[in-house]
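File shown: model29.cif (mmCIF, C-alpha atoms).
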```cif
data_work
loop_
_atom_site.label_atom_id
_atom_site.label_comp_id
_atom_site.auth_asym_id
_atom_site.auth_seq_id
_atom_site.Cartn_x
_atom_site.Cartn_y
_atom_site.Cartn_z
CA MET A 1 -77.22 26.57 25.24
CA ASN A 2 -77.50 25.03 21.79
CA LEU A 3 -74.78 22.43 21.39
CA SER A 4 -73.20 22.06 17.99
CA PRO A 5 -70.55 19.42 17.27
CA GLU A 6 -69.24 21.80 14.61
CA ASP A 7 -68.60 24.43 17.30
CA GLY A 8 -66.75 21.81 19.30
CA GLN A 9 -64.57 20.98 16.33
CA LEU A 10 -63.92 24.68 15.70
CA ALA A 11 -62.95 25.19 19.36
CA TYR A 12 -60.49 22.31 19.11
CA GLU A 13 -58.98 23.53 15.85
CA LEU A 14 -58.56 27.09 17.10
CA ASP A 15 -56.95 25.83 20.28
CA ARG A 16 -54.46 23.63 18.48
CA ALA A 17 -53.65 26.35 15.98
CA HIS A 18 -53.21 29.29 18.35
CA VAL A 19 -53.11 28.36 22.07
CA PHE A 20 -49.85 27.59 23.87
CA HIS A 21 -50.59 25.31 26.84
CA SER A 22 -48.92 25.23 30.25
CA TRP A 23 -46.75 22.33 31.50
CA SER A 24 -46.95 20.58 28.13
CA ALA A 25 -45.06 19.46 25.07
CA GLN A 26 -47.35 21.13 22.56
CA ALA A 27 -47.33 18.60 19.72
CA ALA A 28 -48.67 15.74 21.84
CA LEU A 29 -51.70 17.59 23.16
CA LYS A 30 -55.28 16.61 22.47
CA PRO A 31 -57.29 18.76 24.89
CA MET A 32 -60.85 17.95 25.81
CA VAL A 33 -63.28 20.65 24.68
CA ILE A 34 -65.65 21.72 27.45
CA ALA A 35 -68.83 23.45 26.30
CA GLY A 36 -70.57 24.10 29.60
CA GLY A 37 -71.14 23.03 33.17
CA LEU A 38 -73.57 23.12 36.08
CA GLY A 39 -72.91 22.09 39.66
CA SER A 40 -70.71 18.99 39.64
CA THR A 41 -71.18 18.25 35.94
CA VAL A 42 -69.56 19.45 32.70
CA TRP A 43 -70.38 18.55 29.10
CA ASP A 44 -68.90 18.79 25.62
CA PHE A 45 -70.41 20.04 22.35
CA ASP A 46 -71.69 16.55 21.54
CA GLY A 47 -73.77 16.58 24.72
CA ASN A 48 -71.62 14.03 26.58
CA GLU A 49 -71.79 14.71 30.33
CA LEU A 50 -69.02 14.06 32.83
CA LEU A 51 -69.00 14.20 36.62
CA ASP A 52 -66.31 16.78 37.38
CA PHE A 53 -64.37 15.11 40.17
CA SER A 54 -61.38 17.31 39.38
CA SER A 55 -63.15 20.61 40.15
CA GLN A 56 -61.05 21.67 37.12
CA LEU A 57 -57.82 22.50 39.01
CA VAL A 58 -59.29 21.78 42.45
CA ASN A 59 -60.81 25.24 42.48
CA VAL A 60 -64.49 25.11 41.50
CA ASN A 61 -65.56 24.64 45.12
CA ILE A 62 -69.02 26.14 44.72
CA GLY A 63 -69.65 24.19 41.53
CA HIS A 64 -70.08 25.34 37.96
CA GLN A 65 -72.35 28.29 37.12
CA HIS A 66 -73.66 28.94 40.61
CA PRO A 67 -76.39 31.55 40.01
CA ALA A 68 -75.46 33.73 43.00
CA VAL A 69 -71.87 34.15 41.82
CA VAL A 70 -72.85 34.75 38.19
CA ALA A 71 -75.44 37.33 39.29
CA ALA A 72 -72.90 39.13 41.52
CA ILE A 73 -70.46 39.46 38.62
CA GLN A 74 -73.19 40.68 36.28
CA ALA A 75 -74.45 43.25 38.78
CA GLN A 76 -70.95 44.64 39.36
CA ALA A 77 -70.31 44.82 35.61
CA ASP A 78 -73.36 47.05 35.31
CA ILE A 79 -72.00 49.42 37.97
CA LEU A 80 -68.22 49.55 37.48
CA ALA A 81 -66.31 46.97 35.47
CA THR A 82 -62.81 48.03 36.49
CA VAL A 83 -61.06 50.44 38.82
CA ALA A 84 -57.42 51.11 39.71
CA PRO A 85 -56.23 49.57 42.99
CA ALA A 86 -55.31 53.00 44.40
CA HIS A 87 -58.99 53.90 44.68
CA ALA A 88 -61.41 52.57 47.28
CA ASN A 89 -64.22 50.40 46.01
CA LEU A 90 -67.22 49.02 47.90
CA ALA A 91 -66.97 45.51 46.47
CA ARG A 92 -63.29 45.32 47.46
CA GLY A 93 -63.98 46.35 51.02
CA GLN A 94 -66.85 43.91 51.31
CA ALA A 95 -64.75 41.06 49.93
CA ALA A 96 -61.93 41.77 52.39
CA GLN A 97 -64.39 42.00 55.26
CA ARG A 98 -65.95 38.62 54.45
CA ILE A 99 -62.56 36.92 54.11
CA LEU A 100 -61.35 38.31 57.45
CA GLU A 101 -64.56 37.23 59.20
CA ARG A 102 -63.75 33.66 58.22
CA ALA A 103 -60.00 33.82 58.86
CA GLY A 104 -60.38 34.98 62.46
CA SER A 105 -59.77 37.96 64.70
CA GLU A 106 -55.98 37.54 64.51
CA PHE A 107 -56.00 39.09 61.02
CA SER A 108 -56.83 42.64 59.96
CA LYS A 109 -56.01 43.27 56.29
CA VAL A 110 -56.12 41.58 52.88
CA PHE A 111 -53.76 42.29 49.99
CA PHE A 112 -55.44 41.16 46.77
CA THR A 113 -53.55 39.56 43.89
CA ASN A 114 -54.45 37.96 40.57
CA GLY A 115 -54.04 34.36 41.76
CA GLY A 116 -52.30 31.98 44.12
CA ALA A 117 -48.78 32.24 42.72
CA ASP A 118 -48.53 35.99 43.17
CA ALA A 119 -50.20 35.66 46.56
CA ASN A 120 -47.25 33.52 47.61
CA GLU A 121 -44.83 35.93 45.95
CA ASN A 122 -46.17 38.81 47.99
CA ALA A 123 -46.39 36.85 51.24
CA MET A 124 -42.70 35.98 50.90
CA ARG A 125 -41.94 39.64 50.12
CA MET A 126 -43.81 40.77 53.23
CA ALA A 127 -41.96 38.25 55.38
CA ARG A 128 -38.59 39.37 54.05
CA LEU A 129 -39.37 43.04 54.59
CA TYR A 130 -40.83 42.43 58.03
CA THR A 131 -37.88 40.36 59.29
CA GLY A 132 -35.05 41.92 57.32
CA ARG A 133 -33.99 38.38 56.44
CA ASP A 134 -33.71 36.61 53.11
CA LYS A 135 -34.21 32.84 53.09
CA VAL A 136 -37.51 31.04 52.62
CA LEU A 137 -37.90 27.41 53.71
CA SER A 138 -40.45 25.17 51.99
CA THR A 139 -40.97 21.45 51.52
CA TYR A 140 -39.92 19.23 48.64
CA ARG A 141 -43.45 17.87 48.29
CA SER A 142 -45.18 21.13 47.49
CA TYR A 143 -46.51 23.41 44.80
CA HIS A 144 -46.70 27.17 45.34
CA GLY A 145 -47.17 28.57 41.81
CA ASN A 146 -45.34 29.32 38.58
CA THR A 147 -44.00 32.83 39.09
CA GLY A 148 -40.36 33.67 39.88
CA SER A 149 -40.06 32.93 43.59
CA ALA A 150 -43.19 30.80 43.93
CA VAL A 151 -41.93 28.16 41.50
CA VAL A 152 -38.56 28.05 43.26
CA ALA A 153 -40.35 27.65 46.59
CA THR A 154 -42.17 24.73 44.93
CA GLY A 155 -40.59 21.40 45.71
CA ASP A 156 -41.57 19.20 42.77
CA TRP A 157 -39.89 18.79 39.37
CA ARG A 158 -41.24 22.07 38.02
CA ARG A 159 -38.80 23.96 40.22
CA VAL A 160 -35.68 22.53 38.61
CA PRO A 161 -35.75 24.21 35.15
CA ASN A 162 -36.92 27.48 36.74
CA GLU A 163 -34.45 28.07 39.56
CA TYR A 164 -33.66 31.74 39.03
CA ALA A 165 -34.81 33.19 42.36
CA ARG A 166 -32.40 33.30 45.28
CA ALA A 167 -32.44 32.26 48.93
CA HIS A 168 -34.75 29.24 48.83
CA VAL A 169 -34.10 26.15 50.95
CA HIS A 170 -36.12 22.93 50.94
CA PHE A 171 -36.81 20.33 53.59
CA PHE A 172 -38.86 17.14 53.86
CA GLY A 173 -42.31 17.41 55.39
CA PRO A 174 -44.12 14.46 56.96
CA PHE A 175 -45.56 11.71 54.76
CA SER A 176 -46.13 8.55 56.78
CA TYR A 177 -46.97 6.30 53.83
CA ARG A 178 -43.66 7.09 52.09
CA SER A 179 -41.64 8.24 55.08
CA GLU A 180 -38.23 9.80 54.68
CA PHE A 181 -37.65 9.17 58.39
CA TRP A 182 -38.20 5.38 58.76
CA SER A 183 -41.19 6.12 60.96
CA MET A 184 -43.63 3.43 62.01
CA THR A 185 -46.44 5.65 63.36
CA PRO A 186 -47.89 9.08 62.53
CA GLU A 187 -46.66 10.39 65.88
CA GLU A 188 -43.15 9.18 65.13
CA GLU A 189 -43.31 10.75 61.67
CA SER A 190 -44.35 14.08 63.16
CA ALA A 191 -41.59 14.11 65.78
CA ARG A 192 -38.87 13.13 63.33
CA ALA A 193 -40.03 15.57 60.65
CA LEU A 194 -39.97 18.37 63.22
CA HIS A 195 -36.47 17.37 64.35
CA HIS A 196 -35.35 17.44 60.71
CA LEU A 197 -36.87 20.90 60.20
CA GLU A 198 -35.20 22.32 63.29
CA ARG A 199 -31.84 20.96 62.20
CA VAL A 200 -32.30 22.61 58.77
CA ILE A 201 -33.14 25.90 60.49
CA GLN A 202 -30.06 25.61 62.69
CA ALA A 203 -27.79 24.61 59.82
CA GLU A 204 -29.02 27.44 57.58
CA GLY A 205 -28.74 29.99 60.39
CA PRO A 206 -31.98 31.14 62.04
CA SER A 207 -31.04 34.80 61.67
CA SER A 208 -31.00 34.36 57.87
CA ILE A 209 -34.49 32.83 57.55
CA ALA A 210 -37.46 35.09 56.82
CA ALA A 211 -40.23 32.56 56.40
CA ILE A 212 -41.38 28.97 56.49
CA LEU A 213 -43.88 28.52 53.66
CA ILE A 214 -45.97 25.36 53.75
CA GLU A 215 -49.24 24.20 52.28
CA THR A 216 -51.42 23.50 55.30
CA ILE A 217 -52.34 20.28 53.50
CA PRO A 218 -50.09 19.73 50.47
CA GLY A 219 -52.47 19.27 47.56
CA THR A 220 -50.85 18.50 44.22
CA ALA A 221 -48.20 16.52 46.12
CA GLY A 222 -50.87 14.06 47.24
CA VAL A 223 -53.30 15.51 49.83
CA LEU A 224 -50.79 14.95 52.62
CA VAL A 225 -52.82 15.54 55.77
CA PRO A 226 -50.22 16.40 58.44
CA PRO A 227 -49.86 13.95 61.35
CA PRO A 228 -50.84 14.92 64.89
CA GLY A 229 -48.75 17.70 66.35
CA TYR A 230 -46.90 18.65 63.19
CA LEU A 231 -48.47 22.05 62.49
CA ALA A 232 -48.23 22.98 66.16
CA GLY A 233 -44.57 21.95 66.10
CA VAL A 234 -43.82 24.09 63.04
CA ARG A 235 -45.61 27.01 64.71
CA ALA A 236 -43.43 26.55 67.81
CA LEU A 237 -40.22 26.47 65.76
CA ALA A 238 -41.20 29.59 63.81
CA THR A 239 -41.93 31.42 67.05
CA LYS A 240 -38.72 30.17 68.69
CA TYR A 241 -36.51 31.45 65.88
CA GLY A 242 -38.45 34.60 64.95
CA ILE A 243 -39.51 33.25 61.54
CA VAL A 244 -42.73 34.23 59.75
CA LEU A 245 -45.00 31.21 59.26
CA ILE A 246 -46.97 31.29 56.00
CA PHE A 247 -49.79 28.81 55.38
CA ASP A 248 -50.50 28.37 51.67
CA GLU A 249 -54.25 27.70 51.53
CA VAL A 250 -54.60 28.34 47.81
CA MET A 251 -55.89 24.82 47.13
CA CYS A 252 -57.07 23.68 50.55
CA GLY A 253 -58.94 26.81 51.65
CA PHE A 254 -62.57 27.95 51.47
CA GLY A 255 -64.54 24.77 52.02
CA ARG A 256 -62.26 22.22 50.42
CA THR A 257 -61.46 20.49 53.74
CA GLY A 258 -64.91 20.96 55.26
CA GLY A 259 -63.93 24.20 57.03
CA TRP A 260 -63.41 27.74 55.83
CA PHE A 261 -59.66 27.16 56.11
CA ALA A 262 -57.70 23.94 56.40
CA PHE A 263 -55.84 25.12 59.50
CA GLN A 264 -59.24 25.44 61.19
CA SER A 265 -60.26 21.94 60.06
CA LEU A 266 -57.06 20.53 61.59
CA SER A 267 -57.57 21.88 65.10
CA GLU A 268 -56.44 19.39 67.75
CA GLY A 269 -58.02 19.23 71.19
CA GLY A 270 -59.77 22.52 70.57
CA GLU A 271 -56.47 24.25 69.76
CA THR A 272 -56.05 25.88 66.36
CA VAL A 273 -52.59 26.58 64.97
CA ILE A 274 -52.56 30.19 63.73
CA PRO A 275 -50.06 31.17 61.00
CA ASP A 276 -48.63 34.64 60.55
CA LEU A 277 -49.75 35.00 56.93
CA ILE A 278 -52.31 33.09 54.87
CA THR A 279 -52.32 32.93 51.08
CA PHE A 280 -55.49 32.09 49.17
CA ALA A 281 -57.06 31.94 45.69
CA LYS A 282 -59.04 29.16 43.95
CA GLY A 283 -61.95 28.39 46.29
CA VAL A 284 -62.50 31.96 47.50
CA ASN A 285 -64.63 32.52 44.38
CA SER A 286 -64.23 29.15 42.64
CA GLY A 287 -62.17 30.72 39.88
CA TYR A 288 -65.07 32.52 38.22
CA VAL A 289 -62.76 35.54 37.90
CA PRO A 290 -58.98 35.31 38.54
CA VAL A 291 -58.14 36.41 42.09
CA GLY A 292 -55.96 35.59 45.08
CA GLY A 293 -54.51 37.32 48.07
CA VAL A 294 -52.62 37.47 51.35
CA ILE A 295 -54.36 37.67 54.73
CA ILE A 296 -52.28 39.80 57.07
CA PRO A 297 -52.20 40.26 60.87
CA PRO A 298 -51.90 43.72 62.46
CA PHE A 299 -48.29 43.23 63.57
CA ILE A 300 -47.17 42.86 59.96
CA ALA A 301 -49.66 45.24 58.38
CA ASP A 302 -48.67 48.00 60.83
CA VAL A 303 -45.05 47.88 59.64
CA PHE A 304 -46.24 49.39 56.37
CA ASP A 305 -48.18 52.27 57.95
CA GLU A 306 -45.13 54.49 57.46
CA GLN A 307 -42.92 52.25 55.32
CA VAL A 308 -43.95 51.85 51.67
CA PHE A 309 -44.87 48.32 50.64
CA PRO A 310 -42.99 47.91 47.34
CA GLY A 311 -45.50 45.73 45.54
CA GLY A 312 -48.68 46.02 43.54
CA LEU A 313 -50.67 44.75 40.57
CA THR A 314 -52.82 46.58 38.04
CA TYR A 315 -55.75 44.27 38.78
CA SER A 316 -55.33 44.02 42.55
CA GLY A 317 -58.84 44.00 43.98
CA HIS A 318 -60.50 44.01 40.54
CA PRO A 319 -64.19 44.79 41.14
CA LEU A 320 -65.55 41.85 39.14
CA ALA A 321 -63.35 39.49 41.15
CA MET A 322 -64.36 41.19 44.39
CA ALA A 323 -68.04 40.87 43.58
CA SER A 324 -67.55 37.19 42.79
CA ILE A 325 -65.94 36.68 46.22
CA VAL A 326 -68.85 38.33 47.98
CA GLY A 327 -71.35 36.30 45.97
CA ALA A 328 -69.50 33.04 46.52
CA LEU A 329 -68.83 33.39 50.24
CA ASP A 330 -72.37 34.56 50.98
CA ALA A 331 -73.84 31.67 49.02
CA MET A 332 -71.53 29.16 50.70
CA GLN A 333 -72.60 30.52 54.09
CA ASN A 334 -76.32 30.73 53.36
CA GLU A 335 -76.58 27.35 51.66
CA GLY A 336 -74.45 25.36 54.11
CA ILE A 337 -71.98 24.43 51.38
CA VAL A 338 -68.96 24.17 53.67
CA ASP A 339 -70.93 21.98 56.06
CA ASN A 340 -71.94 19.81 53.12
CA ALA A 341 -68.29 19.32 52.20
CA ALA A 342 -67.48 18.21 55.75
CA ARG A 343 -70.44 15.85 55.98
CA VAL A 344 -70.12 14.26 52.56
CA GLY A 345 -66.40 13.72 53.14
CA ALA A 346 -66.85 12.06 56.52
CA ASP A 347 -69.99 10.07 55.75
CA VAL A 348 -69.79 9.19 52.06
CA ILE A 349 -66.49 9.87 50.27
CA GLY A 350 -64.12 8.64 52.98
CA PRO A 351 -65.94 5.38 53.75
CA GLY A 352 -66.53 4.77 50.04
CA LEU A 353 -62.88 5.21 49.10
CA ARG A 354 -61.71 3.02 51.97
CA ALA A 355 -64.10 0.30 50.78
CA LEU A 356 -62.59 0.59 47.29
CA ALA A 357 -59.11 0.23 48.77
CA GLU A 358 -60.15 -2.99 50.50
CA LYS A 359 -61.30 -4.33 47.15
CA HIS A 360 -58.50 -3.14 44.84
CA ASP A 361 -54.83 -3.82 45.60
CA ALA A 362 -53.78 -0.97 43.30
CA ILE A 363 -55.03 1.51 45.92
CA GLY A 364 -52.18 1.66 48.41
CA GLU A 365 -53.52 4.39 50.68
CA VAL A 366 -56.55 6.64 51.01
CA ARG A 367 -55.91 10.15 52.38
CA GLY A 368 -58.05 13.21 52.89
CA LEU A 369 -60.99 15.00 54.46
CA GLY A 370 -63.91 17.08 53.24
CA VAL A 371 -63.88 17.00 49.43
CA PHE A 372 -60.08 16.78 49.34
CA TRP A 373 -58.88 13.18 48.87
CA ALA A 374 -56.18 11.22 47.09
CA LEU A 375 -55.63 7.56 46.29
CA ASP A 376 -51.96 6.55 46.28
CA LEU A 377 -51.84 4.03 43.43
CA VAL A 378 -49.28 1.22 43.59
CA ALA A 379 -48.02 -1.58 41.40
CA ASP A 380 -47.26 -3.63 44.52
CA PRO A 381 -49.09 -3.07 47.83
CA VAL A 382 -46.18 -4.54 49.82
CA THR A 383 -43.28 -2.58 48.34
CA ARG A 384 -45.54 0.43 47.59
CA GLU A 385 -43.92 0.83 44.19
CA PRO A 386 -45.85 3.62 42.43
CA LEU A 387 -48.13 2.64 39.59
CA SER A 388 -46.59 3.35 36.19
CA LEU A 389 -47.65 6.38 34.20
CA ALA A 390 -48.61 4.11 31.31
CA THR A 391 -51.14 2.30 33.50
CA ILE A 392 -52.33 5.64 34.88
CA GLY A 393 -53.05 6.69 31.31
CA VAL A 394 -55.17 3.59 30.73
CA LEU A 395 -57.07 4.19 33.97
CA LYS A 396 -57.69 7.83 33.08
CA ALA A 397 -59.07 6.90 29.66
CA LYS A 398 -61.39 4.34 31.25
CA LEU A 399 -62.74 6.84 33.77
CA LEU A 400 -63.44 9.35 31.01
CA SER A 401 -65.22 6.72 28.94
CA LEU A 402 -67.45 5.94 31.93
CA GLY A 403 -68.45 9.58 32.42
CA LEU A 404 -66.06 10.94 35.07
CA LEU A 405 -63.49 13.72 34.68
CA PRO A 406 -60.57 12.76 36.97
CA PHE A 407 -57.57 14.59 38.40
CA PHE A 408 -54.27 12.68 38.33
CA ALA A 409 -50.88 13.82 39.63
CA ASP A 410 -48.01 11.35 39.20
CA ASN A 411 -49.25 8.04 40.65
CA ARG A 412 -52.16 9.60 42.54
CA LEU A 413 -55.83 9.82 41.70
CA HIS A 414 -57.21 12.89 43.46
CA VAL A 415 -60.89 12.71 44.38
CA VAL A 416 -61.80 16.40 44.56
CA PRO A 417 -65.39 17.17 43.57
CA PRO A 418 -67.02 20.55 44.23
CA CYS A 419 -68.20 21.24 47.77
CA VAL A 420 -71.80 21.13 46.47
CA VAL A 421 -71.50 17.48 45.41
CA THR A 422 -74.46 15.33 46.43
CA ASP A 423 -74.52 11.89 48.01
CA ALA A 424 -76.02 10.50 44.81
CA GLU A 425 -73.22 12.00 42.70
CA VAL A 426 -70.59 10.54 45.02
CA ALA A 427 -72.27 7.14 44.85
CA ARG A 428 -72.22 7.32 41.07
CA ALA A 429 -68.55 8.34 41.08
CA LEU A 430 -67.62 5.51 43.44
CA ALA A 431 -69.35 3.04 41.14
CA ILE A 432 -67.38 4.44 38.19
CA TYR A 433 -64.09 4.18 40.09
CA ASP A 434 -64.91 0.61 41.01
CA GLU A 435 -65.78 -0.33 37.43
CA ALA A 436 -62.64 1.33 36.07
CA PHE A 437 -60.29 -0.35 38.56
CA THR A 438 -61.95 -3.69 37.92
CA ALA A 439 -61.53 -3.30 34.16
CA VAL A 440 -57.93 -2.08 34.22
CA PHE A 441 -56.62 -4.48 36.85
CA ALA A 442 -58.65 -7.57 35.99
#
```

Final structure tokens representation of the file:
Amino acid sequence: MNLSPEDGQLAYELDRAHVFHSWSAQAALKPMVIAGGLGSTVWDFDGNELLDFSSQLVNVNIGHQHPAVVAAIQAQADILATVAPAHANLARGQAAQRILERAGSEFSKVFFTNGGADANENAMRMARLYTGRDKVLSTYRSYHGNTGSAVVATGDWRRVPNEYARAHVHFFGPFSYRSEFWSMTPEEESARALHHLERVIQAEGPSSIAAILIETIPGTAGVLVPPPGYLAGVRALATKYGIVLIFDEVMCGFGRTGGWFAFQSLSEGGETVIPDLITFAKGVNSGYVPVGGVIIPPFIADVFDEQVFPGGLTYSGHPLAMASIVGALDAMQNEGIVDNAARVGADVIGPGLRALAEKHDAIGEVRGLGVFWALDLVADPVTREPLSLATIGVLKAKLLSLGLLPFFADNRLHVVPPCVVTDAEVARALAIYDEAFTAVFA
């Protein structure tokens, strides 16, 4: 495309005049104007390129402007641009089929939504209708979306001014680096976190609890890879008390962890922990068209053979979104993109980040797998006091000036490039991180 600085200025002025931004005090905003992107790179209207190690909102798994996904959307637009969800549509059936092939034989149906938040809304609704119970348990370190129940299921600060939905209870999940349980090992953290969860279940009354909703790997909260045995322990508790177990894979699914789903990446000793419901969005089509959904097993889907499911969306299974899923998942399969995420994480990103942590005291811990990593940034490596937001702001500005678009959440720098990232791009990013940390903490 022809880049014009004037167009960039116009885009900025129109945004500031007319666009109301999420999670923001509007007057202080100065948004970056993105003109285009390709693969792991984006650029502005002045032609300045940035490595996109944010994947925007950790969703552009297949990279920017992948030709197979763009072509699939264009082809569907030529055939049928929209259709009501009550009708059958070939693209919708194909999208569901491809998702189920990757989720496993335990699942039989997909309910499509417009994104991850309403996927979680509808998964909680299904669990409540299936069990006849009300309460939903979720962790304090979590993010499940910004709709009515999803934001109340969320554990971070965004829940507090939005607590209008009923019957939500929170508990602490495992986090060895900042343990709530005085644990000294990951195994101890897992055992104590599971004991805590069971006591919450017992105290709340098992017969009142419809679902346990957890991110398989909490993302925005800091890429908190669960310690050994934790997911299996939660599965056992859900089964013991007749509670529906929902894995939120909105951020961690579809290649992000080096597997099609994070719960598959976290198999231990050949055993995979299978949830009752899976929610997804983001990576299923890399956000090219808004979409999400719930993956449902037969024992829940069959309940609604005769009983009406009281939920729906005008754009459920929108054909352009469905085509983008088919295009994305086929391309990821054919081009080995998920395998690339696993390899580059294990061989390049992980070792590179751990080497940075050895060099820079501000990096308290490195966590992650695949192309899903976080650096826990600290002011003091002994006390683990989180790095101040003011210093985070300086670090972010330095990274941008060096040509890297970062993703920060609180005191954490998330290293989350697209699954198509190359070894050379990772090496360049690691050099930028190193230079930025050296400059800021000299």

Shortest contact to Asp156 of chain A, candidates A:Ala221, A:Trp182, A:Glu13, A:Ala28, atoms counted only C-alpha atoms, goes to A:Ala221

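Using all atoms listed in the file for every distance, the candidate list A:Phe407, A:Val326, A:Phe372, A:Glu106 yields A:Phe372 as the residue closest to Gly350 of chain A.
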
A:Asn2, A:Glu365, A:Thr314, A:Val440 ranked by distance to Thr391 of chain A, top pick (using all atoms listed in the file):
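Using all atoms listed in the file, the shortest distance to Thr391 of chain A belongs to A:Val440.
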
Between A:Asn162, A:His360, A:Asn114, A:Leu10, which has the minimum distance to Ala442 of chain A (counting only C-alpha atoms)?
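The closest residue to Ala442 of chain A is A:His360.
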
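Atom pair atom CA of Tyr288 of chain A / atom CA of Leu320 of chain A: separated by 9.4 Å.
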
Within 9 Å of (-72.8, 24.7, 41.4), in the coordinates the file gives, what residues turn up when you count all atoms listed in the file, written out as a ChimeraX atom specification?
/A:37-41,60-67,418-421

Out of A:Met322, A:Ala117, A:Ala86, A:Val70, which residue has the shortest atom-to-atom distance to Arg98 of chain A when counting all atoms listed in the file?
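Ranking A:Met322, A:Ala117, A:Ala86, A:Val70 by distance to Arg98 of chain A, first place goes to A:Met322.
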
Interatomic distance (Å, one decimal) between atom CA of Thr257 of chain A and atom CA of Asp410 of chain A
21.8 Å

Point-to-point distance in Å for atom CA of Ile274 of chain A and atom CA of Tyr130 of chain A:
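Separation between atom CA of Tyr130 of chain A and atom CA of Ile274 of chain A: 17.9 Å.
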
Residues matched by the PyMOL selection byres ((chain A and resi 387-390) around 10), written as a PyMOL selection string:
chain A and resi 362-364+376-380+384-386+391-396+409-412

Translate the PyMOL selection byres ((chain A and resi 367) around 12) into a concrete residue list for this structure, as JSON, numbers by chain.
{"A": [175, 176, 177, 217, 218, 219, 221, 222, 223, 224, 225, 226, 227, 257, 345, 346, 349, 350, 351, 353, 354, 357, 363, 364, 365, 366, 368, 369, 370, 371, 372, 373, 374, 375, 376, 377, 412, 413, 414, 415, 416]}

Next, the residues of the selection above should be written as a JSON list (two decimals), in the frame of the given file with C-alpha atoms.
```
[["chain", "number", "residue", "atom", "x", "y", "z"],
["A", 175, "PHE", "CA", -45.56, 11.71, 54.76],
["A", 176, "SER", "CA", -46.13, 8.55, 56.78],
["A", 177, "TYR", "CA", -46.97, 6.30, 53.83],
["A", 217, "ILE", "CA", -52.34, 20.28, 53.50],
["A", 218, "PRO", "CA", -50.09, 19.73, 50.47],
["A", 219, "GLY", "CA", -52.47, 19.27, 47.56],
["A", 221, "ALA", "CA", -48.20, 16.52, 46.12],
["A", 222, "GLY", "CA", -50.87, 14.06, 47.24],
["A", 223, "VAL", "CA", -53.30, 15.51, 49.83],
["A", 224, "LEU", "CA", -50.79, 14.95, 52.62],
["A", 225, "VAL", "CA", -52.82, 15.54, 55.77],
["A", 226, "PRO", "CA", -50.22, 16.40, 58.44],
["A", 227, "PRO", "CA", -49.86, 13.95, 61.35],
["A", 257, "THR", "CA", -61.46, 20.49, 53.74],
["A", 345, "GLY", "CA", -66.40, 13.72, 53.14],
["A", 346, "ALA", "CA", -66.85, 12.06, 56.52],
["A", 349, "ILE", "CA", -66.49, 9.87, 50.27],
["A", 350, "GLY", "CA", -64.12, 8.64, 52.98],
["A", 351, "PRO", "CA", -65.94, 5.38, 53.75],
["A", 353, "LEU", "CA", -62.88, 5.21, 49.10],
["A", 354, "ARG", "CA", -61.71, 3.02, 51.97],
["A", 357, "ALA", "CA", -59.11, 0.23, 48.77],
["A", 363, "ILE", "CA", -55.03, 1.51, 45.92],
["A", 364, "GLY", "CA", -52.18, 1.66, 48.41],
["A", 365, "GLU", "CA", -53.52, 4.39, 50.68],
["A", 366, "VAL", "CA", -56.55, 6.64, 51.01],
["A", 368, "GLY", "CA", -58.05, 13.21, 52.89],
["A", 369, "LEU", "CA", -60.99, 15.00, 54.46],
["A", 370, "GLY", "CA", -63.91, 17.08, 53.24],
["A", 371, "VAL", "CA", -63.88, 17.00, 49.43],
["A", 372, "PHE", "CA", -60.08, 16.78, 49.34],
["A", 373, "TRP", "CA", -58.88, 13.18, 48.87],
["A", 374, "ALA", "CA", -56.18, 11.22, 47.09],
["A", 375, "LEU", "CA", -55.63, 7.56, 46.29],
["A", 376, "ASP", "CA", -51.96, 6.55, 46.28],
["A", 377, "LEU", "CA", -51.84, 4.03, 43.43],
["A", 412, "ARG", "CA", -52.16, 9.60, 42.54],
["A", 413, "LEU", "CA", -55.83, 9.82, 41.70],
["A", 414, "HIS", "CA", -57.21, 12.89, 43.46],
["A", 415, "VAL", "CA", -60.89, 12.71, 44.38],
["A", 416, "VAL", "CA", -61.80, 16.40, 44.56]]
```

Which residues match the PyMOL selection byres ((chain A and resi 317) around 12) in the file above, as an NGL selection string?
:A and (81-96 or 110-115 or 289-294 or 312-316 or 318-325)

Each side padded by 4 Å, which centre and which edge lengths in Å (one decimal) define the axis-aligned box around the listed atoms of segment 421-429 of chain A? Give them as lines of an AutoDock Vina configuration file.
```
center_x = -72.3
center_y = 12.3
center_z = 44.5
size_x = 15.5
size_y = 18.3
size_z = 14.9
```

Give me the residues near Gly403 of chain A as number ranges by chain, where near means some atom within 7 Å (using only C-alpha atoms) and where sequence neighbours in that chain fewer than 5 positions away do not count.
A: 49-51

Compare A:Pro5, A:Gly253, A:Pro310, A:Gly327 by their minimum atom-to-atom distance to Thr279 of chain A, counting all atoms listed in the file, and give me the closest one.
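Closest to Thr279 of chain A of all the choices is A:Gly253.
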
Per-residue nearest contacts of segment 243-359 of chain A to segment 142-151 of chain A (12 Å; only C-alpha atoms) as CSV:
```
residue,atom,partner,partner_atom,distance
A:Ile246,CA,A:His144,CA,11.4
A:Phe247,CA,A:His144,CA,10.6
A:Asp248,CA,A:His144,CA,7.5
A:Glu249,CA,A:His144,CA,9.8
A:Val250,CA,A:His144,CA,8.4
A:Met251,CA,A:His144,CA,9.7
A:Thr279,CA,A:His144,CA,9.9
A:Phe280,CA,A:His144,CA,10.8
A:Ala281,CA,A:Gly145,CA,11.1
A:Gly292,CA,A:Gly145,CA,11.7
```
